[in-house]
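Only one structure is covered here, and it is reproduced in the block below.
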Amino acid sequence: MRRSSCVIVGASAAGISAAVAMRRLDYRGRITVVDADPNPPYERPPLSKSLLDGTAGGLVPILPWSTYDDLEIDLRLGERVTAIDLGALQVRLGGGDRLDVDRLVLATGVTARRLTVPHADADNVVNLRDAADAWRLNSLLTRGGPLVVIGAGFIGLELAAVARQRGIDVTVVEAQPHPLAHVVGSEVASLVVDLHHGHGVRLITGATVERFVATGTTVEQVVLSTGRRIDAATVVVGVGVEPRTELAASARVDVDRWGFPVNEFGQTSRAWIFAAGDVASQAHPHLPARGRLEHWDVAQRHGEAVGSTVAGEPVRYREAPYAWSDQYTGTLQIVGRPRGTDQVVLRRGATPERFLAFWLRDGRVGAVAGMDASREIGVARRMVAANVLVDSDVLADAATDLRGLLKPRRTRTTEQLAG
Amino acid sequence: MPWIRACSVDELDDGDALQIPTNPPVAVFRADGEFFALDDTCSHGQSSLADGYVEGDQVECAWHMAKFDLRTGAALTLPATKPVCTYRVKVDGDDVSVEVPDRV
Ligand SMILES: Cc1cc2nc3c(=O)[nH]c(=O)nc-3n(C[C@H](O)[C@H](O)[C@H](O)COP(=O)(O)OP(=O)(O)OC[C@H]3O[C@@H](n4cnc5c(N)ncnc54)[C@H](O)[C@@H]3O)c2cc1C
């Protein structure tokens, strides 16, 4: 019998986790992970943090280099998958090679959306997605400010924080009137905004980029829709992402506006082709409707579940999504997805530097967000998973030990009931 | 390596942990009545494992959710790939002591 052969496109959080999970479950076939990025698989979150904060931290590898050999995971780095040949059951690489395939995992992620105005590809305009972008941004920041960040998402705000810590003048431009409000609600969003104001970030809301003023291939000013002009030495564009679904045509799998639609096991519309991580369009129990979950921890866990399924042990990915974002010295952590219809409970004593917020859905904790509250977040994650009934006053009380709320309630004795 | 008193037995409930400010810092955990001591700093990020969530004989790092074995220090899940050091613990009457890496 021919040896089974799995090809994974994308050597990042989802792709590498899938490969490791397959080997853990004793998948005996060949595993090849292909990535157009030439660097040994690395963690993406540090690209907007330690790679830029002046501490000269290098790329953080996902696995020690020797592990790939130990687990017999073949890496094809610096090579692009250009097509899936369904007739020959082969994957085609840009360099001309072909790989046999009977299990395909598409872990192709997303790309940063570009602005469509002239000079959007200037020397000092950066879309931060990979290591090459981070190195370019780092060398631009070394020359000093001002930095203009377009889009106040998590990555944009992390960059603002890192640049402020390097003493660089920062302006953040956001189209929405309340940055992050659609992600964490207005109460928590305004705490995060206050944190940035406190560190001297200039935030301009309700404005978009009208055009860039450039000399040669260097942008010197950003002109906003409001007419305002801002001087810029470096511009970072963080205005959303697009799923990388180019392979859909040759693989003949469905795509939707989010990415590759998958079932709860990560299967696409073609049973032997899977999608994992950012590029997967999931009907996840924590999402109100089908959508993408774009976080490192999610991509790892989804990849692991999909890898297990490919190896013959189907696993559903249903846990509450978890995301973190480092802002100055604090870590912002979010479990689940806050909804506009939830009841928000902010723990008393909240400050921009330290807070904890719960979103109650039918009296149960549906989502949690905290800044510099990681000890509580670990417990809160279990509260979300256990779907426990809680009292909003008890949650709001900063003296409440959350672990007490997790324990199963003791049944009352007859004396207690009588007394 | 010197032994130092970390806490009293009653100071830690099951699932609790405390950090001893040695160099490097050490975290002391209580899980199902047993005490364990590990490097406090996660081998992946810079998080304090004493802030982590203890479940069975594992601790989950509070920032990026990697799990470590409290008995061996082994990294059980991504994103961690390297173990953390473990230290000897002894319980003498009411006192919990740890053989720490350096002087306080
Ligand atoms: C700067 C930055 C900071 C972040 N910080 C955080 C954070 O603090 N916390 C958090 O939770 N999340 C963070 N994220 C999000 C997190 O990194 C992503 O959710 C995660 O990387 C998704 O993993 P993935 O494996 O699905 O896809 P990706 O990481 O996007 O990887 C996809 C890979 O596929 C490759 N690829 C695509 N098409 C092809 C092809 N045809 N041929 C070959 N290779 C191909 C690409 O080169 C890429 O390496 C951050 C993201 C960025 C960019």
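Following the order of the structure tokens, first chain is A, next is B, and so on, with residues numbered from 1 inside each chain and ligands from 1 in the order they appear.
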Inset, instruction - Would you give me, as a VMD selection string, the residues of chain A that come within 6 Å of chain B, using only C-alpha atoms? - result: chain A and resid 374 to 375 378
Would you mind listing the residues within 6 Å of ligand 1, counting only C-alpha atoms and all ligand atoms, as a PDB file with C-alpha atoms, in the first residue's frame?
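Okay, part.pdb is ready:
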```
ATOM      1  CA  VAL A   9       0.108  24.703   3.754  1.00  0.00           C
ATOM      2  CA  GLY A  10       1.266  27.311   6.282  1.00  0.00           C
ATOM      3  CA  ALA A  11       3.956  26.694   8.926  1.00  0.00           C
ATOM      4  CA  SER A  12       2.555  28.912  11.637  1.00  0.00           C
ATOM      5  CA  ALA A  13       0.381  28.434  14.747  1.00  0.00           C
ATOM      6  CA  ALA A  14      -2.269  26.262  13.099  1.00  0.00           C
ATOM      7  CA  GLY A  15      -0.103  24.324  10.650  1.00  0.00           C
ATOM      8  CA  VAL A  34       5.117  24.221   3.224  1.00  0.00           C
ATOM      9  CA  ASP A  35       5.505  27.929   3.836  1.00  0.00           C
ATOM     10  CA  ALA A  36       6.471  30.782   1.537  1.00  0.00           C
ATOM     11  CA  ASP A  37       8.186  32.470   4.483  1.00  0.00           C
ATOM     12  CA  ARG A  44       3.814  36.062  15.195  1.00  0.00           C
ATOM     13  CA  PRO A  45       2.717  37.899  18.397  1.00  0.00           C
ATOM     14  CA  LEU A  47       6.500  40.858  15.941  1.00  0.00           C
ATOM     15  CA  SER A  48       4.541  43.777  17.390  1.00  0.00           C
ATOM     16  CA  GLU A  79       8.347  27.755  -1.122  1.00  0.00           C
ATOM     17  CA  ARG A  80       4.853  28.679  -2.192  1.00  0.00           C
ATOM     18  CA  VAL A  81       2.062  26.228  -2.927  1.00  0.00           C
ATOM     19  CA  THR A  82       0.666  27.372  -6.239  1.00  0.00           C
ATOM     20  CA  ALA A 107      -3.501  26.840   7.290  1.00  0.00           C
ATOM     21  CA  THR A 108      -2.777  29.819   5.076  1.00  0.00           C
ATOM     22  CA  GLY A 109      -3.859  32.566   7.479  1.00  0.00           C
ATOM     23  CA  VAL A 110      -4.724  36.074   6.440  1.00  0.00           C
ATOM     24  CA  LEU A 128       2.806  44.362   9.762  1.00  0.00           C
ATOM     25  CA  ARG A 129       2.205  40.655   9.205  1.00  0.00           C
ATOM     26  CA  ILE A 155      -1.851  45.364  16.762  1.00  0.00           C
ATOM     27  CA  GLY A 277      -6.558  28.765  12.092  1.00  0.00           C
ATOM     28  CA  ASP A 278      -7.207  32.299  10.915  1.00  0.00           C
ATOM     29  CA  VAL A 279      -8.282  31.229   7.428  1.00  0.00           C
ATOM     30  CA  GLU A 294      -7.884  35.464  14.675  1.00  0.00           C
ATOM     31  CA  HIS A 295      -5.795  34.691  17.738  1.00  0.00           C
ATOM     32  CA  TRP A 296      -2.612  32.731  18.325  1.00  0.00           C
ATOM     33  CA  ASP A 297      -4.069  30.440  21.001  1.00  0.00           C
ATOM     34  CA  ALA A 299      -5.008  28.893  15.822  1.00  0.00           C
ATOM     35  CA  ALA A 323      -6.664  36.339  23.043  1.00  0.00           C
ATOM     36  CA  TRP A 324      -4.042  38.492  24.676  1.00  0.00           C
ATOM     37  CA  SER A 325      -2.465  41.780  23.755  1.00  0.00           C
TER      38      SER A 325
END
```
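The shell of residues at most 9 Å from region 20-26 of chain B, with only C-alpha atoms counted and near chain neighbours (fewer than 4 positions) removed, consists of Ala6, Ala37, Leu38, Asp39, Asp40, Thr41, Ser48, Leu49, Ala50, Thr86, Tyr87, Val98, Val100, Pro101, Asp102, Arg103 and Val104 of chain B.
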Please dump the current selection as a compact mmCIF listing (two decimals), in the first residue's frame; keep C-alpha atoms.
```txt
# COMPACT_ATOMS: atom_id res chain seq x y z
CA ALA B 6 8.42 29.27 52.24
CA ALA B 37 8.31 24.11 43.92
CA LEU B 38 9.20 25.18 40.38
CA ASP B 39 10.90 28.07 38.65
CA ASP B 40 8.36 30.87 38.83
CA THR B 41 9.15 32.37 35.42
CA SER B 48 4.84 34.26 36.83
CA LEU B 49 3.69 30.64 37.11
CA ALA B 50 2.46 31.42 40.64
CA THR B 86 11.85 21.87 39.99
CA TYR B 87 13.12 22.23 43.56
CA VAL B 98 12.14 24.75 49.72
CA VAL B 100 16.17 27.34 46.67
CA PRO B 101 18.68 28.08 43.90
CA ASP B 102 20.34 31.07 45.53
CA ARG B 103 20.34 33.20 48.68
CA VAL B 104 17.28 35.42 49.24
```
Legend entry - Distance query His197 (chain A) at most 12 Å, only C-alpha atoms, self and fewer than 3 positions along chain excluded, as JSON, numbers by chain: {"A": [157, 160, 161, 164, 170, 171, 172, 190, 191, 192, 193, 194, 200, 201, 202, 203, 204, 352]}
Produce a file of the selected residues containing N, CA, C and O atoms, as a PDB file, in the first residue's frame.
```pdb
ATOM      1  N   LEU A 157      -2.538  49.348  18.309  1.00  0.00           N
ATOM      2  CA  LEU A 157      -2.340  49.932  19.639  1.00  0.00           C
ATOM      3  C   LEU A 157      -1.080  49.379  20.314  1.00  0.00           C
ATOM      4  O   LEU A 157      -0.402  50.087  21.059  1.00  0.00           O
ATOM      5  N   ALA A 160       1.624  51.388  18.928  1.00  0.00           N
ATOM      6  CA  ALA A 160       1.626  52.722  19.535  1.00  0.00           C
ATOM      7  C   ALA A 160       2.338  52.653  20.888  1.00  0.00           C
ATOM      8  O   ALA A 160       3.177  53.501  21.205  1.00  0.00           O
ATOM      9  N   ALA A 161       2.032  51.619  21.674  1.00  0.00           N
ATOM     10  CA  ALA A 161       2.631  51.476  23.005  1.00  0.00           C
ATOM     11  C   ALA A 161       4.146  51.289  22.892  1.00  0.00           C
ATOM     12  O   ALA A 161       4.924  51.944  23.598  1.00  0.00           O
ATOM     13  N   ARG A 164       5.801  54.543  21.871  1.00  0.00           N
ATOM     14  CA  ARG A 164       5.842  55.518  22.973  1.00  0.00           C
ATOM     15  C   ARG A 164       6.940  55.147  23.959  1.00  0.00           C
ATOM     16  O   ARG A 164       7.633  56.006  24.486  1.00  0.00           O
ATOM     17  N   VAL A 170       3.574  59.553  18.590  1.00  0.00           N
ATOM     18  CA  VAL A 170       2.632  58.632  17.942  1.00  0.00           C
ATOM     19  C   VAL A 170       1.256  59.256  17.766  1.00  0.00           C
ATOM     20  O   VAL A 170       0.683  59.810  18.713  1.00  0.00           O
ATOM     21  N   THR A 171       0.720  59.140  16.554  1.00  0.00           N
ATOM     22  CA  THR A 171      -0.677  59.482  16.315  1.00  0.00           C
ATOM     23  C   THR A 171      -1.368  58.232  15.784  1.00  0.00           C
ATOM     24  O   THR A 171      -0.848  57.564  14.888  1.00  0.00           O
ATOM     25  N   VAL A 172      -2.531  57.915  16.359  1.00  0.00           N
ATOM     26  CA  VAL A 172      -3.320  56.788  15.866  1.00  0.00           C
ATOM     27  C   VAL A 172      -4.586  57.354  15.229  1.00  0.00           C
ATOM     28  O   VAL A 172      -5.273  58.177  15.832  1.00  0.00           O
ATOM     29  N   SER A 190     -12.968  52.247  26.561  1.00  0.00           N
ATOM     30  CA  SER A 190     -12.536  53.580  26.986  1.00  0.00           C
ATOM     31  C   SER A 190     -11.420  53.497  28.025  1.00  0.00           C
ATOM     32  O   SER A 190     -10.580  54.397  28.098  1.00  0.00           O
ATOM     33  N   LEU A 191     -11.366  52.405  28.800  1.00  0.00           N
ATOM     34  CA  LEU A 191     -10.227  52.235  29.714  1.00  0.00           C
ATOM     35  C   LEU A 191      -8.934  52.083  28.916  1.00  0.00           C
ATOM     36  O   LEU A 191      -7.892  52.659  29.265  1.00  0.00           O
ATOM     37  N   VAL A 192      -8.991  51.281  27.836  1.00  0.00           N
ATOM     38  CA  VAL A 192      -7.788  51.064  27.023  1.00  0.00           C
ATOM     39  C   VAL A 192      -7.371  52.374  26.341  1.00  0.00           C
ATOM     40  O   VAL A 192      -6.185  52.715  26.280  1.00  0.00           O
ATOM     41  N   VAL A 193      -8.360  53.122  25.875  1.00  0.00           N
ATOM     42  CA  VAL A 193      -8.054  54.411  25.244  1.00  0.00           C
ATOM     43  C   VAL A 193      -7.409  55.349  26.266  1.00  0.00           C
ATOM     44  O   VAL A 193      -6.415  56.016  25.975  1.00  0.00           O
ATOM     45  N   ASP A 194      -7.957  55.362  27.485  1.00  0.00           N
ATOM     46  CA  ASP A 194      -7.373  56.217  28.539  1.00  0.00           C
ATOM     47  C   ASP A 194      -5.921  55.837  28.815  1.00  0.00           C
ATOM     48  O   ASP A 194      -5.077  56.698  29.060  1.00  0.00           O
ATOM     49  N   GLY A 200       0.555  59.444  26.320  1.00  0.00           N
ATOM     50  CA  GLY A 200       0.877  60.481  25.342  1.00  0.00           C
ATOM     51  C   GLY A 200       0.590  60.128  23.892  1.00  0.00           C
ATOM     52  O   GLY A 200       1.119  60.771  22.977  1.00  0.00           O
ATOM     53  N   VAL A 201      -0.253  59.112  23.660  1.00  0.00           N
ATOM     54  CA  VAL A 201      -0.645  58.796  22.284  1.00  0.00           C
ATOM     55  C   VAL A 201      -1.739  59.768  21.854  1.00  0.00           C
ATOM     56  O   VAL A 201      -2.692  60.005  22.593  1.00  0.00           O
ATOM     57  N   ARG A 202      -1.570  60.344  20.673  1.00  0.00           N
ATOM     58  CA  ARG A 202      -2.608  61.208  20.107  1.00  0.00           C
ATOM     59  C   ARG A 202      -3.570  60.312  19.325  1.00  0.00           C
ATOM     60  O   ARG A 202      -3.141  59.570  18.454  1.00  0.00           O
ATOM     61  N   LEU A 203      -4.848  60.372  19.652  1.00  0.00           N
ATOM     62  CA  LEU A 203      -5.818  59.505  18.992  1.00  0.00           C
ATOM     63  C   LEU A 203      -6.821  60.360  18.239  1.00  0.00           C
ATOM     64  O   LEU A 203      -7.450  61.242  18.825  1.00  0.00           O
ATOM     65  N   ILE A 204      -6.934  60.111  16.943  1.00  0.00           N
ATOM     66  CA  ILE A 204      -7.896  60.855  16.135  1.00  0.00           C
ATOM     67  C   ILE A 204      -8.947  59.863  15.647  1.00  0.00           C
ATOM     68  O   ILE A 204      -8.619  58.921  14.923  1.00  0.00           O
ATOM     69  N   PRO A 352      -7.249  52.199  34.218  1.00  0.00           N
ATOM     70  CA  PRO A 352      -6.754  51.794  32.894  1.00  0.00           C
ATOM     71  C   PRO A 352      -5.628  50.761  32.985  1.00  0.00           C
ATOM     72  O   PRO A 352      -5.462  49.943  32.092  1.00  0.00           O
TER      73      PRO A 352
END
```
From a DSSP pass on the backbone, collect the residues of chain B flagged as helix (DSSP H, G or I) and hand them back as an mmCIF file with all heavy atoms, in the first residue's frame.
```
data_model
loop_
_atom_site.group_PDB
_atom_site.id
_atom_site.type_symbol
_atom_site.label_atom_id
_atom_site.label_comp_id
_atom_site.auth_asym_id
_atom_site.auth_seq_id
_atom_site.Cartn_x
_atom_site.Cartn_y
_atom_site.Cartn_z
ATOM 1 N N VAL B 9 1.857 25.456 56.356
ATOM 2 C CA VAL B 9 0.975 24.557 55.604
ATOM 3 C C VAL B 9 -0.387 25.202 55.350
ATOM 4 O O VAL B 9 -0.953 25.098 54.266
ATOM 5 C CB VAL B 9 0.823 23.218 56.377
ATOM 6 C CG1 VAL B 9 -0.288 22.378 55.778
ATOM 7 C CG2 VAL B 9 2.133 22.444 56.351
ATOM 8 N N ASP B 10 -0.884 25.945 56.362
ATOM 9 C CA ASP B 10 -2.234 26.518 56.238
ATOM 10 C C ASP B 10 -2.294 27.742 55.332
ATOM 11 O O ASP B 10 -3.367 28.165 54.927
ATOM 12 C CB ASP B 10 -2.747 26.935 57.627
ATOM 13 C CG ASP B 10 -2.913 25.726 58.519
ATOM 14 O OD1 ASP B 10 -3.010 24.619 57.964
ATOM 15 O OD2 ASP B 10 -2.923 25.908 59.757
ATOM 16 N N GLU B 11 -1.124 28.310 55.048
ATOM 17 C CA GLU B 11 -1.142 29.529 54.238
ATOM 18 C C GLU B 11 -1.620 29.266 52.816
ATOM 19 O O GLU B 11 -2.169 30.151 52.164
ATOM 20 C CB GLU B 11 0.270 30.124 54.169
ATOM 21 C CG GLU B 11 0.443 31.400 54.947
ATOM 22 C CD GLU B 11 1.905 31.769 55.055
ATOM 23 O OE1 GLU B 11 2.401 32.421 54.133
ATOM 24 O OE2 GLU B 11 2.563 31.358 56.034
ATOM 25 N N LEU B 49 4.518 31.849 37.051
ATOM 26 C CA LEU B 49 3.689 30.639 37.114
ATOM 27 C C LEU B 49 2.838 30.615 38.381
ATOM 28 O O LEU B 49 1.803 29.954 38.432
ATOM 29 C CB LEU B 49 4.551 29.379 37.018
ATOM 30 C CG LEU B 49 5.170 29.111 35.650
ATOM 31 C CD1 LEU B 49 6.009 27.840 35.680
ATOM 32 C CD2 LEU B 49 4.098 29.003 34.561
ATOM 33 N N ALA B 50 3.268 31.357 39.421
ATOM 34 C CA ALA B 50 2.461 31.419 40.640
ATOM 35 C C ALA B 50 1.101 32.058 40.361
ATOM 36 O O ALA B 50 0.154 31.854 41.106
ATOM 37 C CB ALA B 50 3.195 32.195 41.727
ATOM 38 N N ASP B 51 0.995 32.831 39.284
ATOM 39 C CA ASP B 51 -0.292 33.410 38.873
ATOM 40 C C ASP B 51 -1.117 32.435 38.037
ATOM 41 O O ASP B 51 -2.227 32.739 37.637
ATOM 42 C CB ASP B 51 -0.070 34.677 38.027
ATOM 43 C CG ASP B 51 0.237 35.894 38.882
ATOM 44 O OD1 ASP B 51 0.001 35.821 40.101
ATOM 45 O OD2 ASP B 51 0.702 36.899 38.328
#
```
Inset, instruction - Output as an NGL selection string all residues of region 64-214 of chain A that backbone DSSP marks as strand (DSSP E or B). - result: :A and (73-77 or 81-85 or 90-93 or 98-100 or 103-106 or 110-112 or 125-126 or 147-150 or 170-174 or 202-205 or 209-214)
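Atom pair CA of Asn138 (chain A) / CA of Ser225 (chain A) has a distance of 28.3 Å (rounded to one decimal).
Proximity to Arg318 (chain A) was assessed for A:Leu147, A:Ala283, A:Ala289, A:Leu75 counting only C-alpha atoms; the smallest distance is recorded for A:Ala283.
The spacing separating CA of Gly94 (chain A) from CA of Ala120 (chain A) amounts to 27.2 Å.
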Legend entry - Residues near Glu34 (chain B), cut-off 12 Å, only C-alpha atoms, skip fewer than 2 positions along chain, as a ChimeraX atom specification: /B:9,12-17,28-32,36-37,56-57,70-71,89-91,96
Filtering to C-alpha atoms, could you give me those residues as a PDB file, in the first residue's frame?
```
ATOM      1  CA  VAL B   9       0.975  24.557  55.604  1.00  0.00           C
ATOM      2  CA  LEU B  12      -1.793  27.759  50.946  1.00  0.00           C
ATOM      3  CA  ASP B  13      -5.105  26.132  50.052  1.00  0.00           C
ATOM      4  CA  ASP B  14      -5.301  23.577  47.290  1.00  0.00           C
ATOM      5  CA  GLY B  15      -4.758  25.378  43.995  1.00  0.00           C
ATOM      6  CA  ASP B  16      -2.917  28.263  45.680  1.00  0.00           C
ATOM      7  CA  ALA B  17       0.614  29.335  44.926  1.00  0.00           C
ATOM      8  CA  VAL B  28       5.466  27.094  45.571  1.00  0.00           C
ATOM      9  CA  PHE B  29       2.197  25.321  44.746  1.00  0.00           C
ATOM     10  CA  ARG B  30      -0.251  23.270  46.744  1.00  0.00           C
ATOM     11  CA  ALA B  31      -2.205  20.694  44.765  1.00  0.00           C
ATOM     12  CA  ASP B  32      -4.359  18.004  46.349  1.00  0.00           C
ATOM     13  CA  PHE B  36       5.628  21.550  44.777  1.00  0.00           C
ATOM     14  CA  ALA B  37       8.306  24.111  43.922  1.00  0.00           C
ATOM     15  CA  GLY B  56      -4.569  18.227  39.155  1.00  0.00           C
ATOM     16  CA  ASP B  57      -0.776  18.083  39.091  1.00  0.00           C
ATOM     17  CA  LEU B  70       4.150  20.244  38.767  1.00  0.00           C
ATOM     18  CA  ARG B  71       6.153  17.095  39.566  1.00  0.00           C
ATOM     19  CA  VAL B  89      10.197  20.680  49.114  1.00  0.00           C
ATOM     20  CA  LYS B  90       9.858  19.384  52.654  1.00  0.00           C
ATOM     21  CA  VAL B  91       7.009  19.735  55.090  1.00  0.00           C
ATOM     22  CA  VAL B  96       6.934  24.233  54.222  1.00  0.00           C
TER      23      VAL B  96
END
```
Inset, instruction - Please identify all polymer residues within 12 Å of Arg382 (chain A), counting only C-alpha atoms, omitting same-chain residues fewer than 2 positions from it, and present them as a PyMOL selection string. - result: (chain A and resi 319-320+322+335-336+364-368+376-380+384-388+402-407) or (chain B and resi 53-55+60)
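Summary of the local environment: counting only C-alpha atoms, residues at most 10 Å from Gly144 (chain A), other than itself and those fewer than 6 positions away along its chain, are Ala163, Arg166, Gly167, Ile168, Asp169, Ala233 and Thr234 of chain A.
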Export, as a short mmCIF file (atom, residue, chain, number, x, y, z; two decimals), in the first residue's frame, the selected residues with C-alpha atoms.
```
data_model
loop_
_atom_site.label_atom_id
_atom_site.label_comp_id
_atom_site.auth_asym_id
_atom_site.auth_seq_id
_atom_site.Cartn_x
_atom_site.Cartn_y
_atom_site.Cartn_z
CA ALA A 163 6.79 53.34 19.99
CA ARG A 166 10.89 54.20 22.63
CA GLY A 167 10.07 57.90 23.05
CA ILE A 168 8.56 58.24 19.58
CA ASP A 169 5.75 60.69 18.86
CA ALA A 233 8.35 59.51 9.35
CA THR A 234 6.73 56.06 9.39
#
```
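Coordinates place CA of Trp258 (chain A) at a distance of 27.3 Å from CA of Leu360 (chain A).
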